[in-house]
>>> print(open('start.txt').read())   # compact mmCIF, C-alpha atoms (C1' of nucleotides)
# COMPACT_ATOMS: atom_id res chain seq x y z
CA MET A 10 -88.19 -118.59 -77.85
CA THR A 11 -85.93 -116.62 -80.19
CA ALA A 12 -82.36 -115.48 -79.76
CA HIS A 13 -83.70 -111.99 -79.22
CA ASP A 14 -85.91 -113.16 -76.38
CA ASP A 15 -82.84 -114.56 -74.66
CA LEU A 16 -80.96 -111.29 -75.08
CA HIS A 17 -83.94 -109.33 -73.82
CA ARG A 18 -84.55 -111.46 -70.77
CA ARG A 19 -80.93 -111.50 -69.70
CA LEU A 20 -80.46 -107.77 -69.97
CA LEU A 21 -83.77 -106.98 -68.32
CA ASP A 22 -83.02 -109.38 -65.46
CA TRP A 23 -79.57 -107.89 -65.06
CA PHE A 24 -80.99 -104.36 -65.05
CA ALA A 25 -83.63 -105.24 -62.46
CA VAL A 26 -80.79 -106.05 -60.06
CA GLU A 27 -78.01 -103.69 -61.12
CA ALA A 28 -79.76 -100.45 -62.12
CA ARG A 29 -78.25 -97.45 -60.38
CA ASP A 30 -80.57 -95.50 -58.14
CA LEU A 31 -80.62 -92.15 -59.96
CA PRO A 32 -82.95 -89.27 -59.12
CA TRP A 33 -84.45 -89.12 -62.61
CA ARG A 34 -85.32 -92.79 -62.27
CA ARG A 35 -87.24 -92.10 -59.06
CA ASP A 36 -89.10 -89.07 -60.34
CA THR A 37 -89.99 -89.98 -63.91
CA SER A 38 -92.15 -86.96 -64.67
CA GLY A 39 -91.67 -85.45 -68.10
CA TRP A 40 -89.92 -82.42 -66.67
CA SER A 41 -87.50 -84.46 -64.54
CA VAL A 42 -86.56 -86.69 -67.42
CA LEU A 43 -86.22 -83.80 -69.85
CA VAL A 44 -83.98 -81.80 -67.53
CA SER A 45 -81.80 -84.82 -66.80
CA GLU A 46 -81.47 -85.80 -70.45
CA VAL A 47 -80.40 -82.34 -71.56
CA MET A 48 -77.88 -82.12 -68.73
CA LEU A 49 -76.55 -85.57 -69.58
CA GLN A 50 -75.81 -84.68 -73.22
CA GLN A 51 -72.05 -85.21 -73.47
CA THR A 52 -71.74 -84.95 -69.70
CA PRO A 53 -71.04 -87.70 -67.10
CA VAL A 54 -73.66 -88.64 -64.50
CA SER A 55 -71.40 -87.75 -61.58
CA ARG A 56 -71.14 -84.13 -62.67
CA VAL A 57 -74.83 -83.81 -63.47
CA LEU A 58 -76.16 -85.07 -60.12
CA PRO A 59 -75.60 -81.99 -57.90
CA VAL A 60 -76.65 -79.52 -60.60
CA TYR A 61 -79.76 -81.54 -61.37
CA GLU A 62 -80.82 -81.67 -57.71
CA ALA A 63 -80.42 -77.92 -57.24
CA TRP A 64 -82.14 -77.19 -60.54
CA MET A 65 -85.23 -79.28 -59.76
CA ARG A 66 -85.51 -77.79 -56.29
CA ARG A 67 -85.42 -74.29 -57.73
CA TRP A 68 -87.52 -74.92 -60.84
CA PRO A 69 -89.85 -77.87 -60.15
CA THR A 70 -91.95 -77.09 -63.23
CA PRO A 71 -91.34 -75.73 -66.73
CA ALA A 72 -93.43 -72.65 -65.84
CA ALA A 73 -91.17 -71.88 -62.89
CA LEU A 74 -88.09 -71.88 -65.12
CA ALA A 75 -89.86 -69.93 -67.85
CA ALA A 76 -90.68 -67.19 -65.33
CA ASP A 77 -87.00 -66.56 -64.60
CA SER A 78 -84.46 -65.14 -67.01
CA PRO A 79 -82.28 -67.15 -69.39
CA GLY A 80 -79.30 -65.76 -67.50
CA ASP A 81 -80.55 -67.37 -64.29
CA ALA A 82 -80.58 -70.70 -66.11
CA VAL A 83 -77.09 -70.18 -67.50
CA ARG A 84 -75.72 -69.28 -64.07
CA ALA A 85 -77.38 -72.29 -62.41
CA TRP A 86 -75.90 -74.47 -65.16
CA GLY A 87 -72.54 -73.75 -63.55
CA ARG A 88 -69.63 -75.65 -65.01
CA LEU A 89 -71.57 -78.43 -66.73
CA GLY A 90 -70.30 -77.23 -70.08
CA TYR A 91 -72.00 -76.34 -73.36
CA PRO A 92 -73.99 -73.50 -71.76
CA ARG A 93 -76.15 -73.13 -74.85
CA ARG A 94 -77.91 -76.21 -73.47
CA ALA A 95 -79.07 -74.10 -70.52
CA LEU A 96 -80.36 -71.48 -72.91
CA ARG A 97 -82.23 -74.05 -74.95
CA LEU A 98 -83.67 -75.73 -71.88
CA HIS A 99 -85.00 -72.35 -70.83
CA GLN A 100 -86.44 -71.85 -74.32
CA ALA A 101 -88.00 -75.30 -74.11
CA ALA A 102 -89.59 -74.36 -70.77
CA VAL A 103 -91.08 -71.25 -72.38
CA ALA A 104 -92.40 -73.29 -75.31
CA ILE A 105 -93.88 -75.91 -73.00
CA THR A 106 -95.56 -73.21 -70.94
CA GLU A 107 -96.94 -71.39 -73.97
CA ARG A 108 -97.77 -74.21 -76.35
CA HIS A 109 -98.43 -77.19 -74.10
CA GLY A 110 -100.17 -75.74 -71.07
CA GLY A 111 -97.10 -76.23 -68.92
CA GLU A 112 -96.99 -80.01 -69.40
CA VAL A 113 -94.05 -81.68 -71.13
CA PRO A 114 -95.58 -83.18 -74.29
CA ASP A 115 -95.64 -86.96 -74.60
CA GLU A 116 -95.53 -87.18 -78.39
CA HIS A 117 -92.17 -87.80 -80.02
CA ALA A 118 -92.78 -85.19 -82.72
CA ALA A 119 -93.78 -82.51 -80.21
CA LEU A 120 -90.72 -83.30 -78.10
CA LEU A 121 -88.47 -83.13 -81.15
CA ALA A 122 -89.80 -79.66 -81.91
CA LEU A 123 -88.53 -78.33 -78.56
CA PRO A 124 -85.26 -76.37 -78.55
CA GLY A 125 -82.28 -78.53 -77.61
CA VAL A 126 -84.21 -81.77 -78.14
CA GLY A 127 -82.94 -84.01 -80.91
CA GLU A 128 -83.68 -87.55 -81.98
CA TYR A 129 -82.08 -89.17 -78.97
CA THR A 130 -83.57 -86.90 -76.29
CA ALA A 131 -87.07 -87.09 -77.79
CA ALA A 132 -86.91 -90.89 -77.77
CA ALA A 133 -85.50 -90.94 -74.24
CA VAL A 134 -88.21 -88.70 -72.77
CA ALA A 135 -90.98 -90.55 -74.60
CA SER A 136 -89.56 -93.82 -73.27
CA PHE A 137 -88.52 -93.04 -69.72
CA ALA A 138 -91.23 -90.55 -68.78
CA PHE A 139 -94.12 -91.94 -70.81
CA GLY A 140 -93.32 -95.63 -71.21
CA GLN A 141 -93.40 -95.57 -75.00
CA ARG A 142 -91.60 -97.84 -77.44
CA HIS A 143 -88.79 -96.11 -79.33
CA ALA A 144 -85.29 -96.96 -80.45
CA VAL A 145 -83.22 -94.97 -77.96
CA MET A 146 -79.77 -94.62 -79.45
CA ASP A 147 -77.20 -92.86 -77.35
CA THR A 148 -73.47 -93.49 -77.33
CA ASN A 149 -73.88 -96.36 -74.83
CA VAL A 150 -76.58 -98.22 -76.72
CA ARG A 151 -74.74 -97.74 -80.01
CA ARG A 152 -71.53 -99.16 -78.56
CA VAL A 153 -73.32 -102.15 -76.99
CA PHE A 154 -75.03 -103.01 -80.27
CA ALA A 155 -71.84 -102.49 -82.27
CA ARG A 156 -70.11 -105.02 -80.05
CA VAL A 157 -72.75 -107.58 -79.16
CA VAL A 158 -74.59 -107.61 -82.51
CA GLU A 159 -72.09 -106.38 -85.09
CA GLY A 160 -68.87 -107.67 -83.57
CA GLN A 161 -67.13 -104.31 -83.86
CA ALA A 162 -65.33 -102.30 -81.23
CA PHE A 163 -67.15 -99.03 -81.97
CA PRO A 164 -70.13 -97.82 -84.00
CA ALA A 165 -69.91 -95.45 -86.97
CA PRO A 166 -69.30 -91.76 -86.20
CA SER A 167 -72.99 -91.00 -86.63
CA VAL A 168 -76.13 -93.12 -86.69
CA THR A 169 -76.67 -94.90 -90.00
CA ALA A 170 -79.97 -96.03 -91.47
CA ALA A 171 -78.92 -99.66 -91.14
CA GLU A 172 -78.01 -99.11 -87.52
CA ARG A 173 -81.38 -97.55 -86.77
CA ALA A 174 -83.16 -100.42 -88.51
CA MET A 175 -81.18 -102.92 -86.48
CA ALA A 176 -81.95 -101.17 -83.19
CA THR A 177 -85.64 -100.99 -84.11
CA SER A 178 -85.73 -104.68 -84.98
CA LEU A 179 -84.28 -105.47 -81.56
CA LEU A 180 -87.00 -103.57 -79.69
CA PRO A 181 -89.07 -105.96 -77.59
CA GLU A 182 -92.85 -105.73 -77.93
CA HIS A 183 -93.25 -105.12 -74.22
CA ASP A 184 -91.02 -103.27 -71.77
CA ALA A 185 -89.24 -101.45 -74.59
CA HIS A 186 -88.59 -98.50 -72.30
CA ARG A 187 -86.91 -100.78 -69.79
CA TRP A 188 -84.92 -102.40 -72.56
CA ALA A 189 -83.71 -98.95 -73.57
CA ALA A 190 -82.65 -98.15 -70.02
CA ALA A 191 -80.99 -101.55 -69.63
CA THR A 192 -78.91 -101.30 -72.78
CA MET A 193 -77.84 -97.78 -71.86
CA GLU A 194 -76.92 -98.90 -68.38
CA LEU A 195 -74.87 -101.81 -69.69
CA GLY A 196 -72.90 -99.49 -71.93
CA ALA A 197 -72.39 -97.02 -69.11
CA VAL A 198 -71.23 -99.36 -66.35
CA VAL A 199 -70.05 -102.60 -68.03
CA CYS A 200 -69.49 -102.27 -71.75
CA SER A 201 -67.49 -99.06 -71.45
CA ALA A 202 -65.47 -97.51 -74.27
CA ARG A 203 -61.98 -97.97 -72.85
CA SER A 204 -62.03 -101.00 -70.57
CA PRO A 205 -65.14 -103.17 -70.82
CA ARG A 206 -65.78 -105.46 -67.84
CA CYS A 207 -66.77 -108.52 -69.79
CA ASP A 208 -66.50 -110.69 -66.67
CA ALA A 209 -69.51 -108.81 -65.28
CA CYS A 210 -71.49 -108.80 -68.53
CA PRO A 211 -74.75 -110.76 -68.60
CA VAL A 212 -74.51 -111.28 -72.36
CA ALA A 213 -70.78 -111.90 -72.75
CA ASP A 214 -71.36 -115.37 -74.21
CA LEU A 215 -73.63 -113.87 -76.88
CA CYS A 216 -71.23 -111.07 -77.80
CA ARG A 217 -69.88 -111.23 -81.34
CA TRP A 218 -67.04 -108.84 -80.57
CA ARG A 219 -65.87 -111.05 -77.74
CA ALA A 220 -66.30 -114.19 -79.85
CA ALA A 221 -64.20 -112.61 -82.59
CA GLY A 222 -61.35 -111.94 -80.18
CA TYR A 223 -61.94 -108.20 -79.64
CA PRO A 224 -60.79 -106.93 -83.06
CA GLU A 225 -59.51 -103.35 -83.02
CA HIS A 226 -61.62 -100.53 -84.35
CA ASP A 227 -61.20 -100.46 -88.13
CA GLY A 228 -63.45 -97.61 -89.24
CA PRO A 229 -62.52 -93.96 -89.78
CA PRO A 230 -60.34 -92.53 -86.97
CA ARG A 231 -62.32 -91.36 -83.96
CA ARG A 232 -61.55 -87.68 -83.80
CA GLY A 233 -60.97 -86.01 -80.48
CA GLN A 234 -61.76 -82.34 -80.06
CA ALA A 235 -58.99 -79.80 -79.83
CA TRP A 236 -59.15 -77.59 -76.77
CA HIS A 237 -56.11 -75.51 -75.91
CA GLY A 238 -56.17 -72.18 -77.66
CA THR A 239 -59.50 -72.81 -79.38
CA ASP A 240 -62.47 -70.47 -79.40
CA ARG A 241 -64.22 -72.95 -77.14
CA GLN A 242 -61.62 -72.40 -74.47
CA VAL A 243 -61.88 -68.63 -74.83
CA ARG A 244 -65.66 -68.65 -74.75
CA GLY A 245 -65.46 -70.78 -71.63
CA ARG A 246 -63.19 -68.23 -69.97
CA LEU A 247 -65.52 -65.37 -70.83
CA MET A 248 -68.59 -67.23 -69.61
CA ALA A 249 -66.85 -68.11 -66.35
CA VAL A 250 -66.21 -64.43 -65.66
CA LEU A 251 -69.86 -63.57 -66.24
CA ARG A 252 -71.17 -66.53 -64.26
CA GLU A 253 -69.09 -65.72 -61.24
CA SER A 254 -70.24 -62.12 -61.14
CA GLU A 255 -73.54 -61.09 -59.56
CA GLY A 256 -74.35 -58.43 -62.12
CA PRO A 257 -72.89 -56.85 -65.26
CA VAL A 258 -69.12 -56.80 -65.64
CA PRO A 259 -67.03 -54.04 -67.23
CA LYS A 260 -65.32 -54.89 -70.50
CA ALA A 261 -61.97 -54.76 -68.71
CA ALA A 262 -62.90 -57.82 -66.68
CA LEU A 263 -63.48 -59.78 -69.89
CA ASP A 264 -60.30 -58.41 -71.45
CA ALA A 265 -58.34 -59.94 -68.58
CA ALA A 266 -59.68 -63.38 -69.38
CA TRP A 267 -57.65 -63.91 -72.59
CA GLU A 268 -54.51 -62.40 -74.06
CA ASP A 269 -55.22 -62.42 -77.79
CA ALA A 270 -57.52 -59.43 -78.34
CA GLN A 271 -58.66 -60.41 -81.80
CA GLN A 272 -59.69 -63.88 -80.76
CA ARG A 273 -61.25 -62.51 -77.60
CA GLU A 274 -63.41 -60.06 -79.51
CA ARG A 275 -64.47 -62.69 -81.99
CA CYS A 276 -65.54 -64.97 -79.16
CA LEU A 277 -67.39 -62.24 -77.30
CA ASP A 278 -69.24 -61.39 -80.50
CA SER A 279 -70.16 -65.02 -81.04
CA LEU A 280 -71.45 -65.32 -77.46
CA VAL A 281 -73.63 -62.25 -77.99
CA ALA A 282 -74.86 -63.69 -81.29
CA ASP A 283 -75.67 -66.95 -79.50
CA GLY A 284 -77.71 -65.10 -76.87
CA LEU A 285 -75.41 -66.22 -74.06
CA VAL A 286 -74.18 -62.68 -73.37
CA ASP A 287 -76.03 -59.34 -73.31
CA PRO A 288 -74.24 -56.05 -74.00
CA VAL A 289 -75.94 -53.81 -71.43
CA GLY A 290 -74.43 -50.45 -72.37
CA ASP A 291 -71.53 -48.38 -71.05
CA GLY A 292 -69.23 -51.13 -72.27
CA ALA A 293 -70.62 -53.60 -69.73
CA TYR A 294 -71.75 -57.17 -70.35
CA ALA A 295 -74.05 -59.57 -68.51
CA LEU A 296 -75.72 -62.93 -68.73
CA PRO A 297 -78.98 -62.63 -70.71
CA GLY A 298 -81.87 -60.97 -68.89
CA HIS A 299 -85.59 -61.18 -69.51
CA GLY A 300 -86.64 -60.36 -73.07
CA PRO A 301 -87.77 -56.86 -74.15
C1' DA B 21 -72.78 -83.09 -93.49
C1' DA B 22 -68.85 -81.88 -91.16
C1' DA B 23 -67.57 -79.01 -87.72
C1' DG B 24 -68.35 -76.28 -83.65
C1' DC B 25 -69.73 -76.23 -79.09
C1' DG B 26 -67.38 -76.75 -72.35
C1' DT B 27 -65.62 -79.12 -68.79
C1' DG B 28 -63.17 -82.27 -65.98
C1' DG B 29 -62.04 -87.02 -64.81
C1' DT B 30 -59.45 -91.13 -66.46
C1' DT B 31 -55.76 -93.56 -68.76
C1' DT C 17 -49.01 -85.95 -70.28
C1' DA C 18 -51.68 -85.74 -74.06
C1' DA C 19 -55.46 -88.06 -75.57
C1' DC C 20 -59.66 -89.93 -74.81
C1' DC C 21 -64.23 -89.90 -73.24
C1' DA C 22 -68.93 -88.40 -71.36
C1' DA C 23 -77.39 -90.24 -71.67
C1' DG C 24 -75.93 -84.87 -78.54
C1' DC C 25 -77.71 -80.77 -80.90
C1' DT C 26 -77.41 -77.36 -84.38
C1' DT C 27 -76.24 -75.18 -88.62
>>> encode(input="start.txt", output="structure tokens")
Amino acid sequence: MTAHDDLHRRLLDWFAVEARDLPWRRDTSGWSVLVSEVMLQQTPVSRVLPVYEAWMRRWPTPAALAADSPGDAVRAWGRLGYPRRALRLHQAAVAITERHGGEVPDEHAALLALPGVGEYTAAAVASFAFGQRHAVMDTNVRRVFARVVEGQAFPAPSVTAAERAMATSLLPEHDAHRWAAATMELGAVVCSARSPRCDACPVADLCRWRAAGYPEHDGPPRRGQAWHGTDRQVRGRLMAVLRESEGPVPKAALDAAWEDAQQRERCLDSLVADGLVDPVGDGAYALPGHGP
DNA sequence: AAAGCGTGGTT
DNA sequence: TAACCAAGCTT
């Protein structure tokens, strides 16, 4: 019986009782898990739920999504944010249909090769859909390990080699996928960034951060993202106009979305370059249609 | 490898 | 209220 075994058992027992009943935990097919993971990138569960339900009803398989246009995906994405994720999920559906016979691949490397799938998402799908053993390191897991294991308030800005080695060494031999889900869940509902609920934590007495008296974060400043007046805000305005319209919109409709013409044009150009907007002629613009 | 990329709820 | 935060990825 090692210290790790104790940590594992407590978190797994806690998770068995406290796990939220989420739709992507009921339907753990590769497609369900992939869709949910992409939607959850930088986006809270509460906002993903309704979009996820509608999405899976409309496109129950990768082939179904691949058969519709990228613009349909972007419109269905609604206000989840980062609409390039919708584009990449559509591209992933096309790749899965063409290269993998319509089945979400179960190999980490094949998952990683899909558009919009990075290290975290590949590990998450391999774990949650296919029961494999991977270090799944999202913002929740990283914060939990930083606190419980390292005694620090927050992890480094990006994953370090040492951090990955530590997470890998903590992986249990069995039930690693459940361990991944449990540590994520703890970070999401108990060991939160702003106000951790240590009174409800199953491993509070093992936590080095707690034992050290909750020292403040001492690393490089955690940078927030500017918003007002940025290109991101302008791009969001332009996309909202296109999303809310059935078909193509005249340039004038986009011009009304932002005062500064130079910035507006730059953003429109960047959206076209990103494939999120199609110039359809006669000065009109639309969400991307089917390819040529 | 640092910076860009949406949106809205919480503090 | 401004700042922070949310199951990251890409270039």
>>> residues_around(input="start.txt", residues="B:DT27", least_positions_apart="5", cutoff="9 Å", atoms="only C-alpha atoms (C1' of nucleotides)", output="mmCIF file with C-alpha atoms, in the frame of the given file")
data_model
loop_
_atom_site.group_PDB
_atom_site.id
_atom_site.type_symbol
_atom_site.label_atom_id
_atom_site.label_comp_id
_atom_site.auth_asym_id
_atom_site.auth_seq_id
_atom_site.Cartn_x
_atom_site.Cartn_y
_atom_site.Cartn_z
ATOM 1 C CA THR A 52 -71.740 -84.950 -69.700
ATOM 2 C CA ARG A 88 -69.630 -75.650 -65.010
ATOM 3 C CA LEU A 89 -71.570 -78.430 -66.730
ATOM 4 C CA GLY A 90 -70.300 -77.230 -70.080
ATOM 5 C CA TYR A 91 -72.000 -76.340 -73.360
ATOM 6 C CA GLY A 245 -65.460 -70.780 -71.630
#
>>> atom_distance(input="start.txt", atom1="atom CA of A:Val153", atom2="atom CA of A:Met48")
22.1 Å
>>> closest_atom_pairs(input="start.txt", of="chain B", to="chain A", cutoff="9 Å", atoms="only C-alpha atoms (C1' of nucleotides)", output="Markdown table")
| residue | atom | partner | partner_atom | distance |
| --- | --- | --- | --- | --- |
| B:DG24 | C1' | A:Arg241 | CA | 8.4 |
| B:DC25 | C1' | A:Tyr91 | CA | 6.2 |
| B:DG26 | C1' | A:Gly90 | CA | 3.7 |
| B:DT27 | C1' | A:Gly90 | CA | 5.2 |
| B:DG28 | C1' | A:Arg56 | CA | 8.8 |
| B:DT31 | C1' | A:Arg203 | CA | 8.7 |
>>> atom_distance(input="start.txt", atom1="atom CA of A:His13", atom2="atom CA of A:Val134")
24.6 Å
>>> interface_residues(input="start.txt", of="chain C", to="chain A", cutoff="6 Å", atoms="all atoms listed in the file", output="list in words")
DA22, DA23 and DG24 of chain C
>>> residues_around(input="start.txt", residues="A:Arg19", least_positions_apart="4", cutoff="8 Å", atoms="all atoms listed in the file", output="list in words")
Asp15, Trp23, Pro211 and Val212 of chain A
>>> atom_distance(input="start.txt", atom1="atom CA of A:Val281", atom2="atom CA of A:Leu247")
11.3 Å
>>> axis_aligned_box(input="start.txt", around="stretch 91-102 of chain A", padding_each_side="3 Å", output="JSON")
{"center_x": -80.8, "center_y": -73.9, "center_z": -72.7, "size_x": 23.6, "size_y": 10.9, "size_z": 10.4}
>>> decode(input="start.txt", residues="stretch 189-199 of chain A", atoms="all heavy atoms", output="CSV table (one decimal), in the first residue's frame")
chain,number,residue,atom,x,y,z
A,189,ALA,N,-8.4,9.7,-14.5
A,189,ALA,CA,-8.4,11.0,-15.3
A,189,ALA,C,-9.7,11.8,-15.1
A,189,ALA,O,-9.7,13.0,-14.8
A,189,ALA,CB,-8.2,10.7,-16.7
A,190,ALA,N,-10.8,11.1,-15.2
A,190,ALA,CA,-12.1,11.7,-15.0
A,190,ALA,C,-12.3,12.3,-13.6
A,190,ALA,O,-12.8,13.4,-13.4
A,190,ALA,CB,-13.2,10.8,-15.4
A,191,ALA,N,-11.8,11.5,-12.6
A,191,ALA,CA,-11.9,11.9,-11.2
A,191,ALA,C,-11.1,13.1,-10.9
A,191,ALA,O,-11.6,14.1,-10.2
A,191,ALA,CB,-11.5,10.7,-10.3
A,192,THR,N,-9.9,13.2,-11.4
A,192,THR,CA,-9.0,14.4,-11.1
A,192,THR,C,-9.6,15.6,-11.8
A,192,THR,O,-9.5,16.7,-11.2
A,192,THR,CB,-7.6,14.1,-11.5
A,192,THR,OG1,-7.5,13.6,-12.8
A,192,THR,CG2,-6.9,13.1,-10.6
A,193,MET,N,-10.1,15.4,-13.0
A,193,MET,CA,-10.7,16.5,-13.7
A,193,MET,C,-11.9,17.0,-12.9
A,193,MET,O,-12.2,18.3,-12.8
A,193,MET,CB,-11.2,16.1,-15.1
A,193,MET,CG,-10.0,16.0,-16.1
A,193,MET,SD,-10.6,15.5,-17.7
A,193,MET,CE,-11.5,16.8,-18.2
A,194,GLU,N,-12.7,16.1,-12.5
A,194,GLU,CA,-14.0,16.5,-11.8
A,194,GLU,C,-13.7,17.2,-10.5
A,194,GLU,O,-14.3,18.2,-10.1
A,194,GLU,CB,-14.8,15.2,-11.5
A,194,GLU,CG,-16.2,15.4,-10.9
A,194,GLU,CD,-17.2,15.8,-12.0
A,194,GLU,OE1,-16.7,16.1,-13.2
A,194,GLU,OE2,-18.4,15.8,-11.8
A,195,LEU,N,-12.6,16.7,-9.8
A,195,LEU,CA,-12.3,17.4,-8.5
A,195,LEU,C,-11.9,18.8,-8.8
A,195,LEU,O,-12.3,19.8,-8.1
A,195,LEU,CB,-11.1,16.7,-7.8
A,195,LEU,CG,-10.8,17.2,-6.4
A,195,LEU,CD1,-11.8,16.7,-5.4
A,195,LEU,CD2,-9.4,16.8,-6.0
A,196,GLY,N,-11.1,19.1,-9.8
A,196,GLY,CA,-10.7,20.4,-10.2
A,196,GLY,C,-11.8,21.3,-10.6
A,196,GLY,O,-11.9,22.5,-10.3
A,197,ALA,N,-12.8,20.7,-11.2
A,197,ALA,CA,-13.9,21.4,-11.8
A,197,ALA,C,-14.9,21.8,-10.7
A,197,ALA,O,-15.4,22.9,-10.7
A,197,ALA,CB,-14.7,20.6,-12.8
A,198,VAL,N,-15.2,20.9,-9.7
A,198,VAL,CA,-16.3,21.2,-8.8
A,198,VAL,C,-15.8,21.4,-7.3
A,198,VAL,O,-16.6,21.9,-6.5
A,198,VAL,CB,-17.3,20.1,-8.8
A,198,VAL,CG1,-17.8,19.8,-10.2
A,198,VAL,CG2,-16.8,18.8,-8.2
A,199,VAL,N,-14.6,21.1,-7.0
A,199,VAL,CA,-14.1,21.3,-5.6
A,199,VAL,C,-12.8,22.1,-5.6
A,199,VAL,O,-12.8,23.2,-4.9
A,199,VAL,CB,-13.8,19.9,-4.9
A,199,VAL,CG1,-13.1,20.1,-3.6
A,199,VAL,CG2,-15.1,19.1,-4.8
